[in-house]
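Next comes work.txt, with compact mmCIF, C-alpha atoms.
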# COMPACT_ATOMS: atom_id res chain seq x y z
CA MET H 286 175.00 6.69 64.56
CA ARG H 287 177.43 4.37 66.32
CA GLN H 288 179.11 3.40 63.06
CA HIS H 289 180.20 7.01 62.53
CA LYS H 290 180.60 7.86 66.25
CA LEU H 291 178.31 10.79 65.49
CA ALA H 292 175.13 12.20 67.05
CA LEU H 293 173.19 14.98 65.34
CA CYS H 294 170.07 17.00 66.07
CA LYS H 295 167.20 16.91 63.54
CA GLU H 296 168.26 20.12 61.80
CA HIS H 297 171.85 19.02 61.30
CA TYR H 298 170.88 15.45 60.40
CA LEU H 299 168.70 16.76 57.57
CA GLU H 300 171.72 18.69 56.29
CA TRP H 301 174.19 15.83 56.85
CA VAL H 302 172.41 13.23 54.68
CA PRO H 303 172.30 15.41 51.51
CA GLU H 304 175.92 16.53 52.14
CA GLN H 305 177.04 12.92 52.36
CA THR H 306 175.07 12.03 49.23
CA GLU H 307 176.71 14.88 47.32
CA ARG H 308 180.11 13.69 48.53
CA PHE H 309 179.47 10.17 47.17
CA ILE H 310 178.07 11.49 43.86
CA ARG H 311 181.34 13.38 43.35
CA LYS H 312 183.66 10.71 44.74
CA TYR H 313 182.34 8.05 42.36
CA GLY H 314 181.77 10.45 39.44
CA MET H 315 178.08 9.54 39.21
CA PHE H 316 176.75 12.61 37.36
CA GLY H 317 176.94 16.39 37.23
CA HIS H 318 174.54 19.29 37.45
CA ASP H 319 174.18 19.45 33.66
CA ASP H 320 173.00 15.84 33.43
CA LYS H 321 169.34 14.86 33.10
CA ILE H 322 168.63 12.28 35.80
CA LEU H 323 165.80 9.77 35.93
CA VAL H 324 165.10 8.59 39.49
CA ALA H 325 163.35 5.24 39.79
CA VAL H 326 160.70 5.80 42.48
CA SER H 327 158.72 3.00 44.08
CA GLY H 328 156.86 5.02 46.70
CA GLY H 329 159.25 3.67 49.36
CA LYS H 330 161.49 5.59 51.75
CA ASP H 331 164.77 5.24 49.84
CA SER H 332 163.66 6.27 46.35
CA LEU H 333 161.48 9.18 47.50
CA SER H 334 164.26 10.39 49.82
CA LEU H 335 166.76 10.13 46.97
CA TRP H 336 164.50 12.24 44.74
CA ASP H 337 164.08 14.77 47.56
CA ILE H 338 167.85 14.95 48.14
CA LEU H 339 168.80 15.29 44.46
CA VAL H 340 166.33 18.12 43.96
CA ARG H 341 167.56 19.86 47.14
CA LEU H 342 171.11 19.54 45.81
CA GLY H 343 170.05 21.30 42.61
CA TYR H 344 170.14 18.34 40.21
CA GLN H 345 167.70 18.03 37.28
CA ALA H 346 165.82 14.94 38.41
CA ASP H 347 162.56 13.53 37.07
CA GLY H 348 160.90 10.45 38.56
CA LEU H 349 159.89 7.15 37.00
CA TYR H 350 157.14 5.10 38.62
CA ILE H 351 156.49 1.58 37.33
CA GLY H 352 153.01 0.26 38.12
CA LEU H 353 153.50 -3.42 38.82
CA GLY H 354 149.86 -4.30 39.42
CA ILE H 355 150.46 -5.94 42.81
CA ASP H 356 147.39 -5.79 44.98
CA ALA H 357 147.55 -8.74 47.41
CA GLY H 358 144.52 -7.45 49.27
CA ILE H 359 146.23 -4.27 50.46
CA GLY H 360 146.29 -2.28 47.22
CA TYR H 361 150.09 -2.26 47.37
CA SER H 362 150.73 -0.85 43.89
CA SER H 363 147.89 1.66 43.91
CA GLU H 364 149.03 3.05 47.27
CA SER H 365 152.67 3.27 46.22
CA HIS H 366 151.58 5.02 42.99
CA ARG H 367 149.49 7.49 44.98
CA LEU H 368 152.45 8.34 47.21
CA ALA H 369 154.83 8.80 44.28
CA GLU H 370 152.30 11.08 42.55
CA LYS H 371 151.72 13.01 45.77
CA PHE H 372 155.44 13.60 46.23
CA ALA H 373 155.77 14.80 42.62
CA ASN H 374 152.76 17.12 42.88
CA ASP H 375 153.79 18.52 46.28
CA HIS H 376 157.25 19.38 44.94
CA ASN H 377 156.16 20.35 41.42
CA LEU H 378 158.28 17.60 39.83
CA LYS H 379 157.80 15.54 36.69
CA LEU H 380 156.87 11.88 37.15
CA GLN H 381 156.98 9.45 34.23
CA VAL H 382 154.57 6.55 34.76
CA VAL H 383 154.66 3.13 33.10
CA ASP H 384 151.80 0.74 33.85
CA ILE H 385 152.96 -2.82 33.17
CA GLU H 386 149.47 -4.21 32.60
CA LYS H 387 148.60 -1.45 30.11
CA GLU H 388 151.89 -1.80 28.22
CA TYR H 389 152.38 -5.56 28.29
CA GLY H 390 148.87 -6.93 28.76
CA GLN H 391 149.22 -8.43 32.24
CA PRO H 392 150.30 -7.33 35.74
CA ILE H 393 153.52 -8.73 37.23
CA PRO H 394 151.93 -11.63 39.20
CA VAL H 395 150.26 -12.93 36.01
CA LEU H 396 153.39 -12.45 33.90
CA ALA H 397 155.23 -14.52 36.51
CA GLN H 398 152.55 -17.20 36.51
CA ILE H 399 152.71 -17.56 32.72
CA SER H 400 156.48 -17.58 32.52
CA HIS H 401 156.95 -20.19 35.29
CA ARG H 402 160.02 -18.26 36.43
CA GLY H 403 160.90 -17.70 40.09
CA HIS H 404 159.62 -20.84 41.86
CA GLY H 405 156.10 -19.53 42.49
CA LYS H 406 157.20 -16.01 43.43
CA PRO H 407 157.03 -13.09 40.99
CA CYS H 408 160.25 -11.43 42.25
CA ALA H 409 162.49 -12.66 39.39
CA VAL H 410 160.02 -11.49 36.73
CA CYS H 411 159.46 -8.24 38.62
CA GLY H 412 163.21 -7.52 38.72
CA LEU H 413 163.66 -8.40 35.05
CA THR H 414 160.71 -6.22 34.02
CA LYS H 415 161.77 -3.24 36.14
CA ARG H 416 165.35 -3.36 34.79
CA HIS H 417 164.05 -3.51 31.22
CA VAL H 418 161.54 -0.67 31.63
CA MET H 419 163.93 1.60 33.57
CA ASN H 420 166.56 1.16 30.88
CA ARG H 421 164.06 1.67 28.05
CA ILE H 422 162.59 4.87 29.48
CA ALA H 423 166.02 6.32 30.34
CA ARG H 424 167.23 5.71 26.77
CA ASP H 425 164.02 6.59 24.89
CA LEU H 426 163.49 9.86 26.75
CA GLY H 427 167.12 10.95 26.58
CA TYR H 428 168.13 10.83 30.24
CA ASP H 429 171.88 10.81 30.92
CA VAL H 430 171.68 8.59 33.95
CA LEU H 431 169.26 6.37 35.83
CA ALA H 432 169.50 6.79 39.62
CA THR H 433 168.16 4.18 42.03
CA GLY H 434 167.63 4.33 45.79
CA HIS H 435 169.79 1.33 46.71
CA ASN H 436 171.21 1.94 50.18
CA LEU H 437 174.19 0.40 51.96
CA ASP H 438 172.11 -2.46 53.38
CA ASP H 439 170.85 -3.35 49.88
CA GLU H 440 174.40 -3.33 48.54
CA ALA H 441 175.84 -5.26 51.49
CA ALA H 442 173.11 -7.92 51.21
CA VAL H 443 173.75 -8.42 47.48
CA LEU H 444 177.48 -8.52 48.11
CA PHE H 445 177.00 -11.04 50.92
CA GLY H 446 174.92 -13.32 48.68
CA ASN H 447 177.34 -13.10 45.79
CA THR H 448 180.30 -13.72 48.10
CA LEU H 449 178.68 -16.80 49.64
CA SER H 450 178.37 -18.28 46.16
CA TRP H 451 181.53 -16.62 44.75
CA SER H 452 179.57 -15.28 41.80
CA VAL H 453 182.49 -13.42 40.28
CA GLU H 454 180.52 -12.23 37.24
CA TYR H 455 178.09 -10.42 39.55
CA LEU H 456 180.82 -9.21 41.93
CA LEU H 457 182.57 -7.58 38.97
CA ARG H 458 179.44 -5.64 38.08
CA GLN H 459 178.54 -4.40 41.57
CA GLY H 460 179.44 -0.83 42.33
CA PRO H 461 178.14 2.71 42.87
CA VAL H 462 178.12 3.38 39.10
CA LEU H 463 177.53 1.18 36.06
CA PRO H 464 178.78 3.01 32.98
CA SER H 465 176.60 3.20 29.90
CA ALA H 466 177.19 0.71 27.11
CA ASP H 467 175.48 -0.12 23.82
CA GLY H 468 171.82 -0.52 24.74
CA LEU H 469 172.41 0.13 28.43
CA ALA H 470 171.81 3.43 30.23
CA ARG H 471 174.31 4.69 32.80
CA LYS H 472 173.20 3.72 36.32
CA ALA H 473 174.10 5.29 39.66
CA LYS H 474 173.34 4.55 43.31
CA PRO H 475 173.89 7.80 45.24
CA LEU H 476 172.73 6.29 48.58
CA CYS H 477 175.04 3.27 48.42
CA ARG H 478 177.00 4.32 51.51
CA LEU H 479 174.03 5.36 53.65
CA TYR H 480 172.54 2.80 56.04
CA GLU H 481 168.92 1.74 55.55
CA ARG H 482 168.25 2.93 59.10
CA GLU H 483 169.74 6.33 58.27
CA MET H 484 167.48 6.62 55.23
CA THR H 485 164.40 5.67 57.26
CA ALA H 486 165.31 8.36 59.79
CA TYR H 487 165.78 10.87 56.97
CA ALA H 488 162.36 10.11 55.45
CA ILE H 489 160.63 10.38 58.84
CA LEU H 490 162.41 13.57 59.91
CA ARG H 491 161.88 15.18 56.49
CA GLY H 492 158.18 14.29 56.70
CA ILE H 493 158.20 12.27 53.48
CA GLU H 494 155.05 10.18 53.20
CA TYR H 495 156.14 6.74 52.00
CA ILE H 496 154.65 3.26 51.87
CA TYR H 497 155.37 1.47 55.17
CA GLU H 498 154.04 -1.86 54.00
CA GLU H 499 156.57 -4.25 52.56
CA CYS H 500 155.85 -5.73 49.14
CA PRO H 501 153.65 -8.73 50.00
CA PHE H 502 155.89 -11.01 47.94
CA ALA H 503 159.10 -9.91 49.74
CA GLU H 504 158.25 -11.84 52.91
CA GLY H 505 160.74 -14.65 53.44
CA SER H 506 163.01 -13.43 50.66
CA THR H 507 166.70 -14.26 50.69
CA SER H 508 167.73 -10.61 50.52
CA ILE H 509 165.76 -9.79 53.67
CA TYR H 510 167.30 -12.80 55.42
CA TYR H 511 170.79 -11.58 54.49
CA LYS H 512 169.93 -8.11 55.78
CA GLU H 513 168.84 -9.57 59.10
CA VAL H 514 172.05 -11.59 59.38
CA LEU H 515 174.15 -8.51 58.60
CA ASN H 516 172.18 -6.46 61.13
CA ARG H 517 173.06 -8.97 63.85
CA LEU H 518 176.70 -8.51 62.90
CA GLU H 519 176.31 -4.72 62.84
CA ASN H 520 174.69 -4.79 66.26
CA ASP H 521 177.76 -6.48 67.77
CA ARG H 522 180.31 -4.67 65.61
CA PRO H 523 179.13 -1.19 64.59
CA GLY H 524 180.42 -0.30 61.15
CA ALA H 525 180.70 -3.92 59.96
CA LYS H 526 178.35 -3.46 56.98
CA LEU H 527 180.10 -0.32 55.78
CA THR H 528 183.54 -1.89 56.14
CA PHE H 529 182.38 -5.00 54.25
CA TYR H 530 181.17 -2.90 51.32
CA LEU H 531 184.02 -0.39 51.22
CA ARG H 532 186.74 -3.03 51.48
CA PHE H 533 185.06 -4.88 48.62
CA LEU H 534 185.12 -1.76 46.43
CA GLU H 535 188.79 -1.23 47.28
CA ALA H 536 189.64 -4.87 46.60
CA ARG H 537 187.88 -4.79 43.25
CA GLN H 538 189.64 -1.57 42.29
CA THR H 539 193.02 -3.04 43.13
CA GLY H 540 192.36 -6.06 40.94
CA LEU H 541 191.19 -8.81 43.29
CA PHE H 542 188.74 -9.97 40.64
CA ALA H 543 190.19 -10.30 37.16
CA GLU H 544 188.05 -9.18 34.24
CA SER H 545 187.54 -12.18 31.98
CA LYS H 546 185.89 -10.30 29.10
CA GLU H 547 184.91 -6.74 28.39
CA PRO H 548 181.10 -6.35 28.41
CA ALA H 549 181.16 -5.32 24.75
CA ASP H 550 182.64 -8.71 23.86
CA TYR H 551 179.79 -10.79 25.12
CA LEU H 552 176.75 -8.48 25.02
CA HIS H 553 174.57 -8.39 21.90
CA PRO H 554 171.66 -6.11 21.03
CA CYS H 555 168.26 -7.82 21.41
CA SER H 556 166.77 -8.42 17.97
CA ASN H 557 163.47 -6.87 19.11
CA CYS H 558 164.11 -4.06 21.61
CA GLY H 559 167.82 -3.35 21.06
CA GLN H 560 168.73 -3.61 24.75
CA ALA H 561 171.90 -5.51 25.60
CA THR H 562 171.58 -9.24 26.17
CA SER H 563 174.15 -11.97 26.79
CA ALA H 564 172.92 -14.32 24.05
CA PRO H 565 172.18 -13.49 20.41
CA GLY H 566 168.46 -13.15 19.54
CA LEU H 567 165.75 -11.99 21.91
CA CYS H 568 166.57 -10.75 25.41
CA SER H 569 164.99 -12.42 28.47
CA PHE H 570 162.32 -9.75 28.74
CA CYS H 571 161.24 -9.97 25.08
CA ARG H 572 161.15 -13.78 25.37
CA LEU H 573 158.88 -13.37 28.39
CA ILE H 574 156.53 -11.02 26.55
CA GLU H 575 156.51 -13.31 23.50
CA LYS H 576 155.46 -16.20 25.73
CA VAL H 577 152.72 -14.09 27.29
CA ALA H 578 151.42 -13.08 23.85
CA ASP H 579 151.37 -16.74 22.75
CA GLN H 580 149.27 -17.65 25.76
CA ALA H 581 146.98 -14.62 25.67
CA PRO H 582 143.77 -16.61 25.06
CA LEU H 583 144.60 -18.86 28.02
CA VAL H 584 145.52 -15.93 30.22
CA SER H 585 142.14 -14.31 29.80
CA ASN H 586 140.70 -17.34 31.64
CA LEU H 587 143.15 -17.18 34.57
CA MET L 96 152.70 0.28 85.12
CA THR L 97 153.97 -0.57 81.67
CA VAL L 98 155.51 0.74 78.50
CA LYS L 99 154.06 -0.55 75.25
CA LEU L 100 156.22 -1.25 72.19
CA ILE L 101 154.39 -1.79 68.89
CA LEU L 102 156.06 -3.37 65.86
CA ARG L 103 153.71 -3.98 62.90
CA ASP L 104 150.99 -6.28 64.30
CA LYS L 105 152.99 -7.25 67.41
CA GLU L 106 152.79 -5.62 70.83
CA PHE L 107 155.33 -5.94 73.65
CA GLU L 108 155.19 -4.66 77.22
CA VAL L 109 158.22 -3.68 79.29
CA LYS L 110 158.72 -2.03 82.67
CA PRO L 111 159.15 1.73 82.78
CA GLY L 112 162.52 3.22 83.74
CA MET L 113 164.58 1.33 81.16
CA THR L 114 166.27 2.91 78.18
CA LEU L 115 164.89 2.27 74.72
CA LEU L 116 167.98 0.17 73.95
CA SER L 117 167.46 -2.06 77.01
CA SER L 118 163.75 -2.36 76.21
CA LEU L 119 164.48 -3.51 72.65
CA GLN L 120 167.01 -6.04 73.91
CA LYS L 121 164.47 -7.28 76.47
CA VAL L 122 161.91 -8.07 73.76
CA ASN L 123 164.54 -9.41 71.30
CA VAL L 124 164.21 -6.69 68.70
CA LEU L 125 167.48 -5.69 67.02
CA PRO L 126 167.96 -1.93 67.47
CA GLU L 127 169.59 -1.81 64.02
CA SER L 128 166.38 -3.02 62.39
CA VAL L 129 163.96 -0.37 63.72
CA ILE L 130 163.42 3.35 64.25
CA ALA L 131 161.42 4.24 67.37
CA THR L 132 158.85 7.03 67.57
CA ARG L 133 156.78 8.30 70.49
CA GLU L 134 153.84 10.61 69.81
CA GLY L 135 155.14 10.98 66.25
CA GLU L 136 158.64 12.09 67.32
CA MET L 137 161.73 9.97 66.80
CA ILE L 138 163.47 8.88 70.00
CA LEU L 139 167.03 7.62 70.48
CA GLU L 140 168.44 4.52 72.15
CA ASP L 141 169.38 6.28 75.41
CA GLU L 142 165.84 7.65 75.94
CA ILE L 143 164.40 6.46 79.27
CA LEU L 144 160.87 5.15 78.78
CA LYS L 145 158.19 6.25 81.22
CA ASP L 146 155.04 4.61 82.49
CA GLY L 147 152.28 4.87 79.88
CA ASP L 148 154.64 5.48 76.96
CA VAL L 149 153.52 3.95 73.66
CA VAL L 150 156.49 3.49 71.36
CA LYS L 151 155.90 2.73 67.71
CA LEU L 152 158.73 0.77 66.11
CA ILE L 153 159.13 1.32 62.39
CA ALA L 154 160.82 -1.57 60.59
CA VAL L 155 163.63 -0.29 58.39
CA ILE L 156 164.32 -3.42 56.32
CA SER L 157 162.76 -3.52 52.89
CA GLY L 158 163.36 -5.23 49.60
CA GLY L 159 162.77 -8.56 48.02
Represent the supplied structure as structure tokens.
Amino acid sequence: MRQHKLALCKEHYLEWVPEQTERFIRKYGMFGHDDKILVAVSGGKDSLSLWDILVRLGYQADGLYIGLGIDAGIGYSSESHRLAEKFANDHNLKLQVVDIEKEYGQPIPVLAQISHRGHGKPCAVCGLTKRHVMNRIARDLGYDVLATGHNLDDEAAVLFGNTLSWSVEYLLRQGPVLPSADGLARKAKPLCRLYEREMTAYAILRGIEYIYEECPFAEGSTSIYYKEVLNRLENDRPGAKLTFYLRFLEARQTGLFAESKEPADYLHPCSNCGQATSAPGLCSFCRLIEKVADQAPLVSNL
Amino acid sequence: MTVKLILRDKEFEVKPGMTLLSSLQKVNVLPESVIATREGEMILEDEILKDGDVVKLIAVISGG
């Protein structure tokens, strides 16, 4: 690990990653051992490793798998579901499962097609749906915090994109912890300072079976492009991604970005589901589902 | 007399005797974007690759 000027054997590496994760959980006040944690698991390396680490550290962590209904000829969702179930069964852990098609009538690609959001790609609808469902399950089932497997590369790529466009509203909200608010569950990213490469190594060395295939719709995505650009930088200047992210957190803490409004001032409860939304009335997700319901007879012919 | 590097559906061949790092540079693969395994075991950048080695490169980037 050139960025840390550190080389470890397998045994010590498998101790180092959970130790670092625990350090970040405490540093950023993410949660404690009395909290009930819901880990969003996709069947990928980061989320399954996060679940593994939290359980090893003695936290009360259940999993949440969201079945998106993405097949694309490789059975992407069914394979990722199988791997999440396998991990839960092998470790005797509880996995909550939400199947989007069963709950909302259509799988993600069809919801995207009906809504006309996302310029022909379902990623925007997928993100919206996952955020809604994760928040709903965390609140409905009484979890104290929702933990996601976002790693340093994920955070650096988002930061890079938001910096290129100076999206201050988004920059203000990016961080290792998002506190709970009316209608919003507390969110935490315990892996936010661990490189994606470090997490891949952890999953392989720990023997975690995860889905190697990338989501078929992720090919050519902007976030992957930003990750590639940042990796070129990291290759020439080890530690660049970590410095970029940490200096941002420091700058935000010292007031580089001024808060224009408190979230409570501009967030309203959705008139249908009660989750927070920026405009009065229905939230984006409920508007999406309403549109799908209106077009149900047409959808059956798709 | 070659070393084979496999990344998803792509295959590259390099000469034996180079380090993994040099081999990745030779075939224009960013070391930061992959983890290398040989016979199921992870290998590091300073590993010298031998004739007949088959190195599987696991892409680390994910997300959409």
Practice problem: Figure out the distance between CA of Gln381 (chain H) and CA of Arg341 (chain H), please, to one decimal in Å. | Solution: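 Answer for the CA of Arg341 (chain H) to CA of Gln381 (chain H) separation: 19.7 Å.
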Quiz item: Please, which residues of chain L lie no more than 9 Å from chain H when the count uses only C-alpha atoms, and can they be set out as a PyMOL selection string?
Solution: chain L and resi 125-130+136-137+153-159
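Atom pair CA of Tyr344 (chain H) / CA of Arg311 (chain H): separated by 12.6 Å.
Separating CA of Gln391 (chain H) from CA of Gly354 (chain H) is a distance of 8.3 Å.
Nearest residue to Arg416 (chain H) among H:Leu552, H:Leu457, H:Ala561, H:Met315 is H:Ala561, counting all atoms listed in the file.
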Exercise. Name all residues at most 6 Å from region 326-328 of chain H (count only C-alpha atoms; drop same-chain ones fewer than 5 positions away) and give them as a list in words.
Key: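 Non-adjacent residues within range: Leu349, Tyr350, Ser365, Leu368, Ala369, Tyr495 and Ile496 of chain H.
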Practice problem: Extract, using all atoms listed in the file, all DNA, RNA and protein residues at most 8 Å from Arg471 (chain H), discarding same-chain residues fewer than 2 positions from it, and format them as a ChimeraX atom specification. | Solution: /H:429-431,462-466,469,473
Output of the above residues as a JSON list (two decimals), in the coordinates of the input, restricted to C-alpha atoms:
[["chain", "number", "residue", "atom", "x", "y", "z"],
["H", 429, "ASP", "CA", 171.88, 10.81, 30.92],
["H", 430, "VAL", "CA", 171.68, 8.59, 33.95],
["H", 431, "LEU", "CA", 169.26, 6.37, 35.83],
["H", 462, "VAL", "CA", 178.12, 3.38, 39.10],
["H", 463, "LEU", "CA", 177.53, 1.18, 36.06],
["H", 464, "PRO", "CA", 178.78, 3.01, 32.98],
["H", 465, "SER", "CA", 176.60, 3.20, 29.90],
["H", 466, "ALA", "CA", 177.19, 0.71, 27.11],
["H", 469, "LEU", "CA", 172.41, 0.13, 28.43],
["H", 473, "ALA", "CA", 174.10, 5.29, 39.66]]
What would the file be for region 130-159 of chain L if you keep N, CA and C atoms and write it as a PDB file, in the first residue's frame?
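Saved result, part07.pdb, follows:
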ATOM      1  N   ILE L 130      -6.222  -6.165  -9.053  1.00  0.00           N
ATOM      2  CA  ILE L 130      -5.534  -7.032  -8.092  1.00  0.00           C
ATOM      3  C   ILE L 130      -5.119  -8.255  -8.898  1.00  0.00           C
ATOM      4  N   ALA L 131      -3.874  -8.700  -8.717  1.00  0.00           N
ATOM      5  CA  ALA L 131      -3.383  -9.839  -9.503  1.00  0.00           C
ATOM      6  C   ALA L 131      -3.370 -11.111  -8.657  1.00  0.00           C
ATOM      7  N   THR L 132      -3.830 -12.205  -9.267  1.00  0.00           N
ATOM      8  CA  THR L 132      -3.735 -13.504  -8.584  1.00  0.00           C
ATOM      9  C   THR L 132      -3.070 -14.515  -9.513  1.00  0.00           C
ATOM     10  N   ARG L 133      -2.344 -15.441  -8.898  1.00  0.00           N
ATOM     11  CA  ARG L 133      -1.727 -16.542  -9.652  1.00  0.00           C
ATOM     12  C   ARG L 133      -2.042 -17.824  -8.892  1.00  0.00           C
ATOM     13  N   GLU L 134      -2.644 -18.760  -9.585  1.00  0.00           N
ATOM     14  CA  GLU L 134      -3.108 -20.014  -8.969  1.00  0.00           C
ATOM     15  C   GLU L 134      -3.939 -19.720  -7.717  1.00  0.00           C
ATOM     16  N   GLY L 135      -4.791 -18.707  -7.818  1.00  0.00           N
ATOM     17  CA  GLY L 135      -5.709 -18.377  -6.729  1.00  0.00           C
ATOM     18  C   GLY L 135      -5.107 -17.561  -5.597  1.00  0.00           C
ATOM     19  N   GLU L 136      -3.794 -17.317  -5.639  1.00  0.00           N
ATOM     20  CA  GLU L 136      -3.141 -16.547  -4.569  1.00  0.00           C
ATOM     21  C   GLU L 136      -2.824 -15.143  -5.063  1.00  0.00           C
ATOM     22  N   MET L 137      -3.059 -14.167  -4.199  1.00  0.00           N
ATOM     23  CA  MET L 137      -2.746 -12.785  -4.579  1.00  0.00           C
ATOM     24  C   MET L 137      -1.245 -12.584  -4.695  1.00  0.00           C
ATOM     25  N   ILE L 138      -0.794 -11.866  -5.706  1.00  0.00           N
ATOM     26  CA  ILE L 138       0.637 -11.548  -5.811  1.00  0.00           C
ATOM     27  C   ILE L 138       0.830 -10.032  -5.848  1.00  0.00           C
ATOM     28  N   LEU L 139       2.004  -9.581  -5.419  1.00  0.00           N
ATOM     29  CA  LEU L 139       2.269  -8.154  -5.284  1.00  0.00           C
ATOM     30  C   LEU L 139       3.076  -7.628  -6.465  1.00  0.00           C
ATOM     31  N   GLU L 140       3.198  -6.300  -6.518  1.00  0.00           N
ATOM     32  CA  GLU L 140       3.789  -5.649  -7.694  1.00  0.00           C
ATOM     33  C   GLU L 140       5.255  -6.022  -7.930  1.00  0.00           C
ATOM     34  N   ASP L 141       5.985  -6.383  -6.873  1.00  0.00           N
ATOM     35  CA  ASP L 141       7.411  -6.698  -7.063  1.00  0.00           C
ATOM     36  C   ASP L 141       7.648  -8.175  -7.376  1.00  0.00           C
ATOM     37  N   GLU L 142       6.576  -8.954  -7.533  1.00  0.00           N
ATOM     38  CA  GLU L 142       6.708 -10.379  -7.863  1.00  0.00           C
ATOM     39  C   GLU L 142       7.299 -10.526  -9.271  1.00  0.00           C
ATOM     40  N   ILE L 143       8.333 -11.366  -9.405  1.00  0.00           N
ATOM     41  CA  ILE L 143       8.901 -11.597 -10.739  1.00  0.00           C
ATOM     42  C   ILE L 143       8.155 -12.753 -11.406  1.00  0.00           C
ATOM     43  N   LEU L 144       7.636 -12.481 -12.599  1.00  0.00           N
ATOM     44  CA  LEU L 144       6.804 -13.474 -13.282  1.00  0.00           C
ATOM     45  C   LEU L 144       7.683 -14.448 -14.076  1.00  0.00           C
ATOM     46  N   LYS L 145       7.306 -15.723 -13.980  1.00  0.00           N
ATOM     47  CA  LYS L 145       8.112 -16.776 -14.600  1.00  0.00           C
ATOM     48  C   LYS L 145       7.421 -17.316 -15.851  1.00  0.00           C
ATOM     49  N   ASP L 146       8.218 -17.982 -16.661  1.00  0.00           N
ATOM     50  CA  ASP L 146       7.690 -18.589 -17.885  1.00  0.00           C
ATOM     51  C   ASP L 146       6.531 -19.532 -17.546  1.00  0.00           C
ATOM     52  N   GLY L 147       5.441 -19.396 -18.246  1.00  0.00           N
ATOM     53  CA  GLY L 147       4.282 -20.269 -18.029  1.00  0.00           C
ATOM     54  C   GLY L 147       3.300 -19.744 -17.007  1.00  0.00           C
ATOM     55  N   ASP L 148       3.663 -18.663 -16.309  1.00  0.00           N
ATOM     56  CA  ASP L 148       2.720 -18.101 -15.325  1.00  0.00           C
ATOM     57  C   ASP L 148       1.451 -17.616 -16.019  1.00  0.00           C
ATOM     58  N   VAL L 149       0.316 -17.881 -15.387  1.00  0.00           N
ATOM     59  CA  VAL L 149      -0.960 -17.316 -15.850  1.00  0.00           C
ATOM     60  C   VAL L 149      -1.464 -16.439 -14.707  1.00  0.00           C
ATOM     61  N   VAL L 150      -1.526 -15.150 -14.984  1.00  0.00           N
ATOM     62  CA  VAL L 150      -1.917 -14.191 -13.939  1.00  0.00           C
ATOM     63  C   VAL L 150      -3.310 -13.669 -14.246  1.00  0.00           C
ATOM     64  N   LYS L 151      -4.202 -13.864 -13.283  1.00  0.00           N
ATOM     65  CA  LYS L 151      -5.567 -13.350 -13.460  1.00  0.00           C
ATOM     66  C   LYS L 151      -5.633 -11.975 -12.812  1.00  0.00           C
ATOM     67  N   LEU L 152      -6.082 -11.002 -13.590  1.00  0.00           N
ATOM     68  CA  LEU L 152      -6.208  -9.633 -13.076  1.00  0.00           C
ATOM     69  C   LEU L 152      -7.673  -9.371 -12.736  1.00  0.00           C
ATOM     70  N   ILE L 153      -7.917  -9.025 -11.491  1.00  0.00           N
ATOM     71  CA  ILE L 153      -9.295  -8.759 -11.060  1.00  0.00           C
ATOM     72  C   ILE L 153      -9.507  -7.246 -11.027  1.00  0.00           C
ATOM     73  N   ALA L 154     -10.455  -6.786 -11.832  1.00  0.00           N
ATOM     74  CA  ALA L 154     -10.746  -5.343 -11.878  1.00  0.00           C
ATOM     75  C   ALA L 154     -11.340  -4.914 -10.543  1.00  0.00           C
ATOM     76  N   VAL L 155     -10.860  -3.800 -10.016  1.00  0.00           N
ATOM     77  CA  VAL L 155     -11.362  -3.378  -8.698  1.00  0.00           C
ATOM     78  C   VAL L 155     -12.438  -2.304  -8.801  1.00  0.00           C
ATOM     79  N   ILE L 156     -12.549  -1.661  -9.965  1.00  0.00           N
ATOM     80  CA  ILE L 156     -13.499  -0.544 -10.084  1.00  0.00           C
ATOM     81  C   ILE L 156     -14.916  -1.077 -10.251  1.00  0.00           C
ATOM     82  N   SER L 157     -15.817  -0.548  -9.464  1.00  0.00           N
ATOM     83  CA  SER L 157     -17.226  -0.894  -9.641  1.00  0.00           C
ATOM     84  C   SER L 157     -18.077   0.346  -9.394  1.00  0.00           C
ATOM     85  N   GLY L 158     -19.320   0.227  -9.739  1.00  0.00           N
ATOM     86  CA  GLY L 158     -20.237   1.345  -9.485  1.00  0.00           C
ATOM     87  C   GLY L 158     -20.755   1.955 -10.755  1.00  0.00           C
ATOM     88  N   GLY L 159     -21.898   2.596 -10.628  1.00  0.00           N
ATOM     89  CA  GLY L 159     -22.488   3.186 -11.828  1.00  0.00           C
ATOM     90  C   GLY L 159     -23.024   4.554 -11.532  1.00  0.00           C
TER      91      GLY L 159
END
